[in-house]
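Data file: work30.cif. Format and content: mmCIF, C-alpha atoms.
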```
data_upload
#
loop_
_atom_site.group_PDB
_atom_site.id
_atom_site.type_symbol
_atom_site.label_atom_id
_atom_site.label_comp_id
_atom_site.auth_asym_id
_atom_site.auth_seq_id
_atom_site.Cartn_x
_atom_site.Cartn_y
_atom_site.Cartn_z
ATOM 1 C CA MET A 1 -9.376 -116.999 -30.254
ATOM 2 C CA LEU A 2 -6.792 -114.351 -29.164
ATOM 3 C CA LYS A 3 -3.266 -115.673 -28.496
ATOM 4 C CA ARG A 4 -1.472 -112.571 -27.218
ATOM 5 C CA ILE A 5 -1.104 -108.814 -27.615
ATOM 6 C CA ASP A 6 0.979 -108.487 -30.763
ATOM 7 C CA HIS A 7 1.481 -104.742 -30.575
ATOM 8 C CA VAL A 8 0.225 -101.421 -29.284
ATOM 9 C CA ALA A 9 0.419 -98.778 -32.024
ATOM 10 C CA ILE A 10 1.047 -95.144 -31.109
ATOM 11 C CA VAL A 11 0.603 -92.215 -33.504
ATOM 12 C CA VAL A 12 3.465 -89.707 -33.304
ATOM 13 C CA LYS A 13 4.476 -86.573 -35.167
ATOM 14 C CA SER A 14 8.098 -87.686 -35.369
ATOM 15 C CA ILE A 15 9.576 -91.131 -34.724
ATOM 16 C CA ASP A 16 13.001 -89.552 -34.100
ATOM 17 C CA GLU A 17 11.637 -87.245 -31.409
ATOM 18 C CA THR A 18 9.548 -89.946 -29.732
ATOM 19 C CA LEU A 19 12.397 -92.474 -29.674
ATOM 20 C CA LYS A 20 14.133 -90.220 -27.147
ATOM 21 C CA PHE A 21 11.515 -91.355 -24.641
ATOM 22 C CA TRP A 22 10.998 -94.998 -25.631
ATOM 23 C CA ASN A 23 14.628 -95.792 -26.356
ATOM 24 C CA GLU A 24 16.711 -93.431 -24.210
ATOM 25 C CA SER A 25 14.424 -93.092 -21.160
ATOM 26 C CA LEU A 26 12.672 -96.483 -21.087
ATOM 27 C CA GLY A 27 15.444 -98.505 -22.731
ATOM 28 C CA LEU A 28 13.415 -100.229 -25.467
ATOM 29 C CA SER A 29 15.543 -101.208 -28.480
ATOM 30 C CA LEU A 30 14.533 -100.189 -31.979
ATOM 31 C CA SER A 31 14.286 -103.348 -34.072
ATOM 32 C CA HIS A 32 13.700 -101.704 -37.453
ATOM 33 C CA VAL A 33 11.730 -99.041 -39.322
ATOM 34 C CA ALA A 34 9.457 -99.945 -42.255
ATOM 35 C CA HIS A 35 7.447 -97.920 -44.733
ATOM 36 C CA GLU A 36 3.837 -99.079 -45.023
ATOM 37 C CA GLU A 37 3.066 -97.709 -48.477
ATOM 38 C CA GLY A 38 -0.632 -98.578 -48.426
ATOM 39 C CA GLN A 39 -1.328 -96.795 -45.146
ATOM 40 C CA ARG A 40 1.202 -94.011 -45.929
ATOM 41 C CA VAL A 41 3.002 -94.359 -42.618
ATOM 42 C CA LYS A 42 6.519 -95.001 -41.383
ATOM 43 C CA VAL A 43 6.508 -97.604 -38.593
ATOM 44 C CA ALA A 44 9.180 -98.074 -35.891
ATOM 45 C CA PHE A 45 9.119 -101.477 -34.175
ATOM 46 C CA LEU A 46 10.243 -101.766 -30.529
ATOM 47 C CA PRO A 47 9.971 -105.301 -29.119
ATOM 48 C CA VAL A 48 9.065 -105.729 -25.435
ATOM 49 C CA GLY A 49 8.459 -109.182 -23.938
ATOM 50 C CA ASP A 50 6.237 -111.164 -26.284
ATOM 51 C CA SER A 51 4.832 -107.992 -27.895
ATOM 52 C CA GLU A 52 5.914 -104.771 -29.597
ATOM 53 C CA VAL A 53 5.370 -101.055 -29.276
ATOM 54 C CA GLU A 54 4.914 -99.588 -32.750
ATOM 55 C CA LEU A 55 5.355 -95.879 -33.460
ATOM 56 C CA LEU A 56 3.378 -94.654 -36.490
ATOM 57 C CA GLU A 57 4.485 -91.459 -38.243
ATOM 58 C CA PRO A 58 2.415 -90.276 -41.238
ATOM 59 C CA SER A 59 4.410 -90.203 -44.497
ATOM 60 C CA ASP A 60 2.267 -87.337 -45.797
ATOM 61 C CA GLY A 61 -0.759 -85.268 -44.828
ATOM 62 C CA LYS A 62 -3.248 -87.439 -46.696
ATOM 63 C CA SER A 63 -3.169 -90.697 -44.757
ATOM 64 C CA GLY A 64 -5.812 -91.808 -42.286
ATOM 65 C CA VAL A 65 -3.150 -91.692 -39.583
ATOM 66 C CA ALA A 66 -2.330 -88.060 -40.484
ATOM 67 C CA ARG A 67 -6.000 -87.127 -40.145
ATOM 68 C CA TYR A 68 -6.156 -88.967 -36.801
ATOM 69 C CA LEU A 69 -3.075 -87.044 -35.603
ATOM 70 C CA GLU A 70 -4.585 -83.731 -36.664
ATOM 71 C CA LYS A 71 -7.894 -84.458 -34.940
ATOM 72 C CA ARG A 72 -6.814 -86.219 -31.730
ATOM 73 C CA GLY A 73 -3.102 -85.490 -31.320
ATOM 74 C CA GLU A 74 -0.371 -87.958 -30.438
ATOM 75 C CA GLY A 75 -1.398 -91.074 -28.499
ATOM 76 C CA ILE A 76 -2.402 -94.713 -28.697
ATOM 77 C CA HIS A 77 -3.980 -95.502 -32.064
ATOM 78 C CA HIS A 78 -4.833 -99.194 -31.943
ATOM 79 C CA LEU A 79 -4.348 -102.489 -30.151
ATOM 80 C CA CYS A 80 -3.424 -105.606 -32.149
ATOM 81 C CA PHE A 81 -3.887 -109.235 -31.129
ATOM 82 C CA GLU A 82 -2.535 -112.353 -32.815
ATOM 83 C CA VAL A 83 -5.169 -114.949 -33.679
ATOM 84 C CA GLU A 84 -4.659 -118.567 -34.714
ATOM 85 C CA ASN A 85 -7.029 -118.476 -37.694
ATOM 86 C CA LEU A 86 -8.061 -115.076 -39.033
ATOM 87 C CA ASP A 87 -10.684 -116.372 -41.485
ATOM 88 C CA ALA A 88 -12.432 -118.255 -38.684
ATOM 89 C CA ALA A 89 -12.213 -115.200 -36.414
ATOM 90 C CA VAL A 90 -13.694 -112.928 -39.101
ATOM 91 C CA ALA A 91 -16.529 -115.383 -39.764
ATOM 92 C CA GLN A 92 -17.358 -115.546 -36.044
ATOM 93 C CA LEU A 93 -17.306 -111.759 -35.662
ATOM 94 C CA LYS A 94 -19.580 -111.311 -38.688
ATOM 95 C CA ARG A 95 -22.048 -113.864 -37.301
ATOM 96 C CA GLN A 96 -22.211 -111.792 -34.121
ATOM 97 C CA GLY A 97 -22.829 -108.559 -36.021
ATOM 98 C CA VAL A 98 -19.441 -107.030 -35.157
ATOM 99 C CA GLN A 99 -18.561 -104.288 -37.654
ATOM 100 C CA LEU A 100 -15.226 -104.687 -39.448
ATOM 101 C CA ILE A 101 -13.391 -101.847 -41.204
ATOM 102 C CA ASP A 102 -11.999 -104.292 -43.776
ATOM 103 C CA GLU A 103 -14.547 -106.715 -45.207
ATOM 104 C CA THR A 104 -11.684 -109.008 -46.214
ATOM 105 C CA PRO A 105 -8.233 -109.293 -44.582
ATOM 106 C CA TYR A 106 -5.443 -107.113 -45.986
ATOM 107 C CA VAL A 107 -1.728 -107.952 -46.057
ATOM 108 C CA THR A 108 0.589 -105.855 -43.855
ATOM 109 C CA VAL A 109 4.141 -104.696 -44.605
ATOM 110 C CA SER A 110 5.371 -107.653 -42.522
ATOM 111 C CA GLY A 111 3.409 -110.072 -44.718
ATOM 112 C CA ASN A 112 0.696 -110.802 -42.164
ATOM 113 C CA LYS A 113 -3.019 -111.011 -42.903
ATOM 114 C CA ALA A 114 -4.967 -108.576 -40.739
ATOM 115 C CA VAL A 115 -8.334 -106.900 -40.216
ATOM 116 C CA PHE A 116 -9.469 -103.918 -38.171
ATOM 117 C CA ILE A 117 -12.623 -103.983 -36.072
ATOM 118 C CA HIS A 118 -14.570 -100.722 -36.018
ATOM 119 C CA PRO A 119 -14.448 -98.874 -32.650
ATOM 120 C CA ARG A 120 -18.246 -98.666 -32.859
ATOM 121 C CA SER A 121 -18.350 -102.403 -32.111
ATOM 122 C CA THR A 122 -15.683 -102.394 -29.388
ATOM 123 C CA HIS A 123 -16.740 -99.480 -27.151
ATOM 124 C CA GLY A 124 -14.177 -97.042 -28.484
ATOM 125 C CA VAL A 125 -11.035 -99.091 -29.148
ATOM 126 C CA LEU A 126 -9.608 -99.643 -32.649
ATOM 127 C CA VAL A 127 -8.746 -103.364 -32.516
ATOM 128 C CA GLU A 128 -6.621 -105.144 -35.123
ATOM 129 C CA LEU A 129 -6.492 -108.925 -35.456
ATOM 130 C CA TYR A 130 -3.671 -110.584 -37.338
ATOM 131 C CA GLU A 131 -2.548 -114.079 -38.257
ATOM 132 C CA LYS A 132 1.151 -114.861 -38.407
ATOM 133 C CA PRO A 133 2.246 -116.538 -41.659
ATOM 134 C CA VAL A 134 2.918 -120.276 -41.229
ATOM 135 C CA SER A 135 6.545 -119.828 -42.312
ATOM 136 C CA GLN A 136 7.435 -117.631 -39.285
ATOM 137 C CA MET B 1 14.311 -101.913 -18.050
ATOM 138 C CA LEU B 2 10.846 -102.982 -19.406
ATOM 139 C CA LYS B 3 10.130 -106.722 -19.214
ATOM 140 C CA ARG B 4 6.767 -106.969 -20.975
ATOM 141 C CA ILE B 5 3.400 -105.302 -21.490
ATOM 142 C CA ASP B 6 1.567 -106.060 -18.273
ATOM 143 C CA HIS B 7 -1.784 -104.654 -19.338
ATOM 144 C CA VAL B 8 -3.669 -102.276 -21.583
ATOM 145 C CA ALA B 9 -6.345 -100.420 -19.608
ATOM 146 C CA ILE B 10 -9.568 -99.344 -21.308
ATOM 147 C CA VAL B 11 -12.088 -96.900 -19.821
ATOM 148 C CA VAL B 12 -15.679 -98.058 -20.253
ATOM 149 C CA LYS B 13 -19.085 -96.855 -19.128
ATOM 150 C CA SER B 14 -20.174 -100.355 -18.144
ATOM 151 C CA ILE B 15 -18.033 -103.472 -17.680
ATOM 152 C CA ASP B 16 -21.108 -105.663 -18.196
ATOM 153 C CA GLU B 17 -21.914 -104.048 -21.564
ATOM 154 C CA THR B 18 -18.295 -104.110 -22.775
ATOM 155 C CA LEU B 19 -17.756 -107.741 -21.790
ATOM 156 C CA LYS B 20 -20.216 -108.690 -24.534
ATOM 157 C CA PHE B 21 -17.491 -107.725 -27.021
ATOM 158 C CA TRP B 22 -14.338 -108.877 -25.217
ATOM 159 C CA ASN B 23 -15.757 -112.096 -23.827
ATOM 160 C CA GLU B 24 -18.548 -113.179 -26.166
ATOM 161 C CA SER B 25 -17.169 -111.886 -29.487
ATOM 162 C CA LEU B 26 -13.388 -112.157 -28.945
ATOM 163 C CA GLY B 27 -13.456 -115.053 -26.488
ATOM 164 C CA LEU B 28 -11.306 -113.542 -23.703
ATOM 165 C CA SER B 29 -12.081 -115.033 -20.279
ATOM 166 C CA LEU B 30 -12.860 -112.806 -17.326
ATOM 167 C CA SER B 31 -10.393 -113.643 -14.556
ATOM 168 C CA HIS B 32 -11.907 -111.492 -11.819
ATOM 169 C CA VAL B 33 -13.303 -108.061 -10.979
ATOM 170 C CA ALA B 34 -11.720 -105.887 -8.265
ATOM 171 C CA HIS B 35 -12.648 -102.581 -6.670
ATOM 172 C CA GLU B 36 -9.769 -100.108 -6.600
ATOM 173 C CA GLU B 37 -10.977 -97.912 -3.733
ATOM 174 C CA GLY B 38 -8.239 -95.295 -4.074
ATOM 175 C CA GLN B 39 -8.884 -94.667 -7.777
ATOM 176 C CA ARG B 40 -12.678 -95.187 -7.360
ATOM 177 C CA VAL B 41 -12.888 -97.663 -10.216
ATOM 178 C CA LYS B 42 -14.104 -101.204 -10.750
ATOM 179 C CA VAL B 43 -11.548 -103.203 -12.759
ATOM 180 C CA ALA B 44 -12.228 -106.320 -14.862
ATOM 181 C CA PHE B 45 -9.138 -108.423 -15.645
ATOM 182 C CA LEU B 46 -9.010 -110.416 -18.906
ATOM 183 C CA PRO B 47 -5.733 -112.328 -19.393
ATOM 184 C CA VAL B 48 -4.375 -112.716 -22.946
ATOM 185 C CA GLY B 49 -0.978 -114.324 -23.590
ATOM 186 C CA ASP B 50 1.545 -112.888 -21.154
ATOM 187 C CA SER B 51 -0.545 -109.716 -20.606
ATOM 188 C CA GLU B 52 -4.038 -108.574 -19.659
ATOM 189 C CA VAL B 53 -6.776 -106.342 -20.973
ATOM 190 C CA GLU B 54 -8.227 -104.351 -18.076
ATOM 191 C CA LEU B 55 -11.640 -102.679 -18.265
ATOM 192 C CA LEU B 56 -11.998 -99.672 -15.953
ATOM 193 C CA GLU B 57 -15.485 -98.538 -14.933
ATOM 194 C CA PRO B 58 -15.754 -95.489 -12.656
ATOM 195 C CA SER B 59 -17.359 -96.269 -9.279
ATOM 196 C CA ASP B 60 -18.749 -92.742 -9.054
ATOM 197 C CA GLY B 61 -18.674 -89.439 -10.915
ATOM 198 C CA LYS B 62 -15.790 -87.989 -8.927
ATOM 199 C CA SER B 63 -12.852 -90.188 -9.939
ATOM 200 C CA GLY B 64 -10.149 -89.187 -12.392
ATOM 201 C CA VAL B 65 -11.328 -92.006 -14.641
ATOM 202 C CA ALA B 66 -14.901 -90.626 -14.577
ATOM 203 C CA ARG B 67 -13.623 -87.206 -15.657
ATOM 204 C CA TYR B 68 -11.548 -88.845 -18.416
ATOM 205 C CA LEU B 69 -14.634 -90.728 -19.626
ATOM 206 C CA GLU B 70 -16.716 -87.567 -19.649
ATOM 207 C CA LYS B 71 -14.063 -85.622 -21.576
ATOM 208 C CA ARG B 72 -12.757 -88.210 -24.047
ATOM 209 C CA GLY B 73 -15.313 -91.018 -24.124
ATOM 210 C CA GLU B 74 -14.649 -94.733 -23.968
ATOM 211 C CA GLY B 75 -11.255 -95.953 -25.187
ATOM 212 C CA ILE B 76 -7.712 -96.891 -24.215
ATOM 213 C CA HIS B 77 -6.674 -95.123 -21.002
ATOM 214 C CA HIS B 78 -3.126 -96.300 -20.317
ATOM 215 C CA LEU B 79 -0.415 -98.814 -21.126
ATOM 216 C CA CYS B 80 1.387 -100.631 -18.295
ATOM 217 C CA PHE B 81 4.788 -102.317 -18.421
ATOM 218 C CA GLU B 82 6.378 -104.572 -15.834
ATOM 219 C CA VAL B 83 9.855 -103.482 -14.703
ATOM 220 C CA GLU B 84 12.421 -105.456 -12.706
ATOM 221 C CA ASN B 85 13.217 -102.693 -10.215
ATOM 222 C CA LEU B 86 10.781 -99.805 -9.941
ATOM 223 C CA ASP B 87 12.924 -97.668 -7.634
ATOM 224 C CA ALA B 88 15.841 -97.874 -10.078
ATOM 225 C CA ALA B 89 13.509 -97.090 -13.000
ATOM 226 C CA VAL B 90 12.050 -94.059 -11.209
ATOM 227 C CA ALA B 91 15.542 -92.777 -10.346
ATOM 228 C CA GLN B 92 16.655 -93.123 -13.982
ATOM 229 C CA LEU B 93 13.545 -91.347 -15.297
ATOM 230 C CA LYS B 94 13.988 -88.472 -12.830
ATOM 231 C CA ARG B 95 17.645 -88.072 -13.852
ATOM 232 C CA GLN B 96 16.452 -87.705 -17.439
ATOM 233 C CA GLY B 97 13.855 -85.089 -16.541
ATOM 234 C CA VAL B 98 10.867 -87.336 -17.289
ATOM 235 C CA GLN B 99 7.760 -86.052 -15.475
ATOM 236 C CA LEU B 100 6.024 -88.563 -13.191
ATOM 237 C CA ILE B 101 2.432 -88.210 -11.972
ATOM 238 C CA ASP B 102 3.357 -89.924 -8.699
ATOM 239 C CA GLU B 103 6.547 -88.692 -7.077
ATOM 240 C CA THR B 104 6.752 -91.936 -5.122
ATOM 241 C CA PRO B 105 5.320 -95.336 -6.126
ATOM 242 C CA TYR B 106 1.801 -96.197 -4.932
ATOM 243 C CA VAL B 107 0.469 -99.669 -4.119
ATOM 244 C CA THR B 108 -2.220 -101.104 -6.436
ATOM 245 C CA VAL B 109 -5.198 -103.270 -5.494
ATOM 246 C CA SER B 110 -3.134 -106.306 -6.566
ATOM 247 C CA GLY B 111 -0.368 -105.329 -4.124
ATOM 248 C CA ASN B 112 2.063 -104.102 -6.798
ATOM 249 C CA LYS B 113 4.147 -100.946 -6.551
ATOM 250 C CA ALA B 114 3.486 -98.668 -9.515
ATOM 251 C CA VAL B 115 4.003 -95.166 -10.922
ATOM 252 C CA PHE B 116 2.434 -93.261 -13.789
ATOM 253 C CA ILE B 117 4.507 -91.210 -16.241
ATOM 254 C CA HIS B 118 2.862 -87.978 -17.370
ATOM 255 C CA PRO B 119 1.734 -88.007 -21.060
ATOM 256 C CA ARG B 120 3.612 -84.710 -21.431
ATOM 257 C CA SER B 121 6.866 -86.686 -21.224
ATOM 258 C CA THR B 122 5.777 -89.585 -23.463
ATOM 259 C CA HIS B 123 4.254 -87.820 -26.484
ATOM 260 C CA GLY B 124 0.648 -88.367 -25.484
ATOM 261 C CA VAL B 125 0.549 -91.821 -23.879
ATOM 262 C CA LEU B 126 -0.247 -92.391 -20.201
ATOM 263 C CA VAL B 127 2.371 -95.005 -19.251
ATOM 264 C CA GLU B 128 2.332 -96.990 -16.007
ATOM 265 C CA LEU B 129 5.339 -98.924 -14.710
ATOM 266 C CA TYR B 130 4.912 -101.603 -12.086
ATOM 267 C CA GLU B 131 7.059 -104.057 -10.178
ATOM 268 C CA LYS B 132 5.696 -107.463 -9.305
ATOM 269 C CA PRO B 133 6.050 -108.374 -5.610
ATOM 270 C CA VAL B 134 8.820 -110.929 -4.983
ATOM 271 C CA SER B 135 6.321 -113.402 -3.520
ATOM 272 C CA GLN B 136 4.397 -113.777 -6.818
#
```
Output the file's structure in the form of C-alpha cells.
Amino acid sequence: MLKRIDHVAIVVKSIDETLKFWNESLGLSLSHVAHEEGQRVKVAFLPVGDSEVELLEPSDGKSGVARYLEKRGEGIHHLCFEVENLDAAVAQLKRQGVQLIDETPYVTVSGNKAVFIHPRSTHGVLVELYEKPVSQ
Amino acid sequence: MLKRIDHVAIVVKSIDETLKFWNESLGLSLSHVAHEEGQRVKVAFLPVGDSEVELLEPSDGKSGVARYLEKRGEGIHHLCFEVENLDAAVAQLKRQGVQLIDETPYVTVSGNKAVFIHPRSTHGVLVELYEKPVSQ
C-alpha cells in the first residue's frame, strides 16, 4: 500500500532561520516555498533522494500548526507516505477501525489528494497518506 | 552531502502492539528485529521505498530511549540521512559550529558509522547521519 516516504514535515518558527541549518550546514537545496492557504502555513520544500524535507512556518497565530508550535515547540510534525490508490487505502483503514482526521481526502497546495491518520490510531505519529496526480 | 532519508525512527512502548498498525493496517513488511545492546533498545525494521521505518522499544528502563518515552510518550524520535563521507560531513558541521551528540562516529548494530546532531543545532529535530559500509 505504501510506495515511499514522500516527506517529513517539521514545524519551525522561521523558515529563514531554519534554512541556515538545512541548507548551509547540511547542503540541502531549497526547491521552492508555497503558501498553503487552507492550513495557514508557509511551506519550504527541500528534496533529498526520493523524498523531501518540508519546513512548516505558521502564517498566523490561528492555524493548527501555530497551536502545535506553541504547545510542543519546534520539531517533527508529521510523516507522509505516497500511496498508489488513496480511496482504496482509506477504505481499508476504515474497515480496520483506524481513525482518520479527514473523513474524505483533501487537496493539497501541490494538487495532491491526501488524508491524515489520527495519532491515536498510530501510537503517537501523525501520518499523512497522499496520492500523486496521474499527470505527474 | 545528504543522499537520502535512510530511516525515520519511532519510539514505541511495544513493537508487537505497534506492528498491528504499521504491518496490518498500512501493509509494511517487517524485515527483521535487532537488539542494539549499546543503546539498550530492540529495533524493528520496516522497509518502504528507498528508506525504512524503524520502531524502537526500550530493552529496559535505563536507556536514553526509555527516558524519552517516559518524558514525551510514543512518537517520532529521530530522522536519519545517509551521507557519502561521514568524516567529511562531521568536519564540515564542526567548522560551522553545529553541536554533535557524539564527538566521534559510533558503529551501529548494522555495522554503519553514524553520528547524532544535537536538536539545539537543528531547531528541535534529532538528526542522525550515517555512512553505509563500502561492502554493502
- Item | 10 Å contact set for Val33 in chain B, all atoms listed in the file, chain neighbours under 6 positions out, as a list of chain:residue names |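 These residues fall inside the cut-off: B:Ile15, B:Lys42, B:Val43, B:Ala44, B:Phe45, B:Leu46, B:Glu54, B:Leu55, B:Leu56.
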- Write out as a list in words each polymer residue whose atoms come within 12 Å of Val98 in chain B, counting all atoms listed in the file; drop sequence neighbours fewer than 3 positions from it. Lys20, Phe21, Trp22, Glu24, Ser25 and Leu26 of chain A; Ala89, Val90, Ala91, Gln92, Leu93, Lys94, Arg95, Ile101, Asp102, Glu103, Phe116, Ile117, His118, Pro119, Arg120, Ser121, Thr122, His123 and Val127 of chain B
Quick check on the file I pasted: which residues fall under the PyMOL selection byres ((chain A) within 7 of (chain B))? Write them as a compact mmCIF listing (two decimals) with C-alpha atoms, in the frame of the given file.
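What landed in expr.txt:
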```
# COMPACT_ATOMS: atom_id res chain seq x y z
CA MET A 1 -9.38 -117.00 -30.25
CA LEU A 2 -6.79 -114.35 -29.16
CA LYS A 3 -3.27 -115.67 -28.50
CA ARG A 4 -1.47 -112.57 -27.22
CA ILE A 5 -1.10 -108.81 -27.62
CA THR A 18 9.55 -89.95 -29.73
CA PHE A 21 11.52 -91.36 -24.64
CA SER A 25 14.42 -93.09 -21.16
CA LEU A 26 12.67 -96.48 -21.09
CA GLY A 27 15.44 -98.50 -22.73
CA VAL A 48 9.06 -105.73 -25.44
CA GLY A 49 8.46 -109.18 -23.94
CA ASP A 50 6.24 -111.16 -26.28
CA GLU A 74 -0.37 -87.96 -30.44
CA GLY A 75 -1.40 -91.07 -28.50
CA ILE A 76 -2.40 -94.71 -28.70
CA LEU A 93 -17.31 -111.76 -35.66
CA GLN A 96 -22.21 -111.79 -34.12
CA THR A 122 -15.68 -102.39 -29.39
CA HIS A 123 -16.74 -99.48 -27.15
CA GLY A 124 -14.18 -97.04 -28.48
CA VAL A 125 -11.04 -99.09 -29.15
```
- Note on the structure: The residue from A:Lys113, A:Leu129, A:Ala88, A:Ser29 with the smallest atom-to-atom distance to Leu100 in chain A, counting all atoms listed in the file, is A:Leu129
- Evaluate the PyMOL selection byres ((chain B and resi 39) around 9) and report residues as a list in words: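 Listing what the PyMOL selection byres ((chain B and resi 39) around 9) selects in the shown file: His35, Glu36, Glu37, Gly38, Arg40, Val41, Lys42, Pro58, Ser59, Ser63, Gly64 and Val65 of chain B.
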To box range 62-65 of chain A, take all atoms listed in the file, fit an axis-aligned box, add 4 Å on each side, and give centre and edge lengths in Å to one decimal, as AutoDock Vina command-line options.
```
--center_x -4.5 --center_y -89.6 --center_z -43.1 --size_x 10.7 --size_y 12.4 --size_z 15.1
```
- Straight-line distance linking CA of Val134 in chain B with CA of Thr104 in chain B, stated in Å to one decimal: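 Here the two named atoms are 19.1 Å from each other.
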- Message: Report, in Å with one decimal, the straight-line distance from CA of Pro105 in chain B to CA of Glu128 in chain B.
- Response: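 Spanning CA of Pro105 in chain B to CA of Glu128 in chain B is a straight-line distance of 10.5 Å.
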- Given the file shown, determine the residues that the PyMOL selection byres ((chain A and resi 131) around 7) selects; report them as a PyMOL selection string. chain A and resi 82-86+112-114+130+132-133
- Message: For a test of reading the model, state the distance in Å between CA of Thr108 in chain B and CA of Glu70 in chain B, rounded to one decimal.
- Response: 23.8 Å
